[in-house]
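Asker: Before I ask anything, here is the structure I am working with.
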Amino acid sequence: MQLGLFVVVVCLSWVDITGGGGSSKALKGKRQRRISTEVSQGCAKGCDLCSEFNGCLRCSPKLFILLERNDIRQIGICLPSCPLGYFDMRNPDMNKCIKCKIENCEDCFSRNFCTKCKEGLYLHKGKCYTTCPEGYAAANGTMECSSPAQCEMSEWGPWSPCSKKRKLCGFRRGNEERSRKILQAPSGDVSVCPPTTERRRCTVQRTPCPEVRIKKKEEEGKRGHVNEERNRKDGRSGSKRRKGAPRGTVVPVTSPP
């Protein structure tokens, strides 16, 4: 009788143990399902995973997650593009909006490249300055420094005739020039604009200048006049000698036939 009671007690204990394990597993599964349901329940549009304490934890693939600080908490929201003051960073896991940390920068393209400075500052190569660096000037109507300073220039004019020392003759090698005009200069400062004249060497056939020809003709005329005068003088002196022979000169005498 006692042996039978002992067997019954053992069997009942075994049933309780096995039944209790199944019920604990069932309760654990229900708790996990309840937790996961609580995490994703009530997520905003575009958010795949969220929590009541931190907002969105994972956004849809095409959206960007932005973490906003609220006291000691960071709350995530999903956006189609990053707002002013943030730049987007795409990666396979999740796209993020990263805050610009460049000094005096309002908006940026990447971690180290600013695209818009705070009011009153000039933008130059992704950085912000109180004035444009040396050799640069602000473009018309903007706060961006450009290099070289943007000047509106006219087209180049034609090349001038080949000349040397402001003369167009009497040389073989000279220079020719061309020029252009400054139509508009930034802030009216023409010193930052490119050159307005160009010069290059040229070679031409040597031609004597008109004044040189005249001088040569005058010199030749003077020379010819001097020669004529000299010839006349020489002729007069010869005839005088024949007419009056100098003393001591023997004059030949011819006898009549």
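By order in the structure tokens, chains are A, B, ...; within a chain, residues start at 1; ligands start at 1, following the order shown.
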So which residues touch region 67-83 of chain A within 12 Å, counting only C-alpha atoms, skipping near sequence neighbours fewer than 5 positions away, as a VMD selection string?

Answerer: chain A and resid 43 to 62 88 to 90 94 to 100 106 to 110

Asker: Do you have the CA of Leu84 (chain A)-CA of Cys145 (chain A) distance handy?

Answerer: 21.6 Å

Asker: Out of A:Arg173, A:Lys165, A:Lys118, A:Arg180, which residue has the shortest atom-to-atom distance to Glu103 (chain A) when counting only C-alpha atoms?

Answerer: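 So, comparing all the options, the nearest one is A:Lys118.
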
Asker: For Arg206 (chain A), find every residue with an atom within 9 Å (counting only C-alpha atoms), except residues of its own chain fewer than 5 positions away, and show them as a PyMOL selection string.

Answerer: chain A and resi 169-173

Asker: Create the file for the chosen residues now, containing all heavy atoms and written as a PDB file, in the first residue's frame.

Answerer:
```
ATOM      1  N   CYS A 169      59.401 102.369 -89.289  1.00  0.00           N
ATOM      2  CA  CYS A 169      60.375 102.127 -90.354  1.00  0.00           C
ATOM      3  C   CYS A 169      61.782 102.176 -89.777  1.00  0.00           C
ATOM      4  O   CYS A 169      61.984 102.586 -88.636  1.00  0.00           O
ATOM      5  CB  CYS A 169      60.218 103.175 -91.459  1.00  0.00           C
ATOM      6  SG  CYS A 169      60.349 104.872 -90.845  1.00  0.00           S
ATOM      7  N   GLY A 170      62.719 101.734 -90.618  1.00  0.00           N
ATOM      8  CA  GLY A 170      64.121 101.809 -90.219  1.00  0.00           C
ATOM      9  C   GLY A 170      64.570 100.719 -89.278  1.00  0.00           C
ATOM     10  O   GLY A 170      65.595 100.856 -88.611  1.00  0.00           O
ATOM     11  N   PHE A 171      63.846  99.603 -89.169  1.00  0.00           N
ATOM     12  CA  PHE A 171      64.235  98.500 -88.294  1.00  0.00           C
ATOM     13  C   PHE A 171      63.767  97.187 -88.917  1.00  0.00           C
ATOM     14  O   PHE A 171      62.949  97.174 -89.844  1.00  0.00           O
ATOM     15  CB  PHE A 171      63.626  98.660 -86.897  1.00  0.00           C
ATOM     16  CG  PHE A 171      62.127  98.651 -86.901  1.00  0.00           C
ATOM     17  CD1 PHE A 171      61.423  97.469 -86.755  1.00  0.00           C
ATOM     18  CD2 PHE A 171      61.402  99.826 -87.064  1.00  0.00           C
ATOM     19  CE1 PHE A 171      60.032  97.454 -86.760  1.00  0.00           C
ATOM     20  CE2 PHE A 171      60.019  99.816 -87.075  1.00  0.00           C
ATOM     21  CZ  PHE A 171      59.334  98.632 -86.929  1.00  0.00           C
ATOM     22  N   ARG A 172      64.287  96.107 -88.369  1.00  0.00           N
ATOM     23  CA  ARG A 172      63.882  94.780 -88.836  1.00  0.00           C
ATOM     24  C   ARG A 172      63.104  94.038 -87.759  1.00  0.00           C
ATOM     25  O   ARG A 172      62.169  93.308 -88.056  1.00  0.00           O
ATOM     26  CB  ARG A 172      65.116  93.980 -89.261  1.00  0.00           C
ATOM     27  CG  ARG A 172      64.791  92.629 -89.903  1.00  0.00           C
ATOM     28  CD  ARG A 172      66.031  92.003 -90.526  1.00  0.00           C
ATOM     29  NE  ARG A 172      65.719  90.703 -91.100  1.00  0.00           N
ATOM     30  CZ  ARG A 172      65.771  89.554 -90.439  1.00  0.00           C
ATOM     31  NH1 ARG A 172      66.137  89.546 -89.167  1.00  0.00           N
ATOM     32  NH2 ARG A 172      65.463  88.419 -91.031  1.00  0.00           N
ATOM     33  N   ARG A 173      63.481  94.204 -86.506  1.00  0.00           N
ATOM     34  CA  ARG A 173      62.812  93.534 -85.390  1.00  0.00           C
ATOM     35  C   ARG A 173      62.234  94.576 -84.448  1.00  0.00           C
ATOM     36  O   ARG A 173      62.923  95.494 -84.029  1.00  0.00           O
ATOM     37  CB  ARG A 173      63.782  92.632 -84.631  1.00  0.00           C
ATOM     38  CG  ARG A 173      64.258  91.447 -85.445  1.00  0.00           C
ATOM     39  CD  ARG A 173      65.209  90.592 -84.659  1.00  0.00           C
ATOM     40  NE  ARG A 173      65.671  89.450 -85.425  1.00  0.00           N
ATOM     41  CZ  ARG A 173      66.579  88.573 -85.010  1.00  0.00           C
ATOM     42  NH1 ARG A 173      67.129  88.718 -83.809  1.00  0.00           N
ATOM     43  NH2 ARG A 173      66.929  87.566 -85.774  1.00  0.00           N
TER      44      ARG A 173
END
```
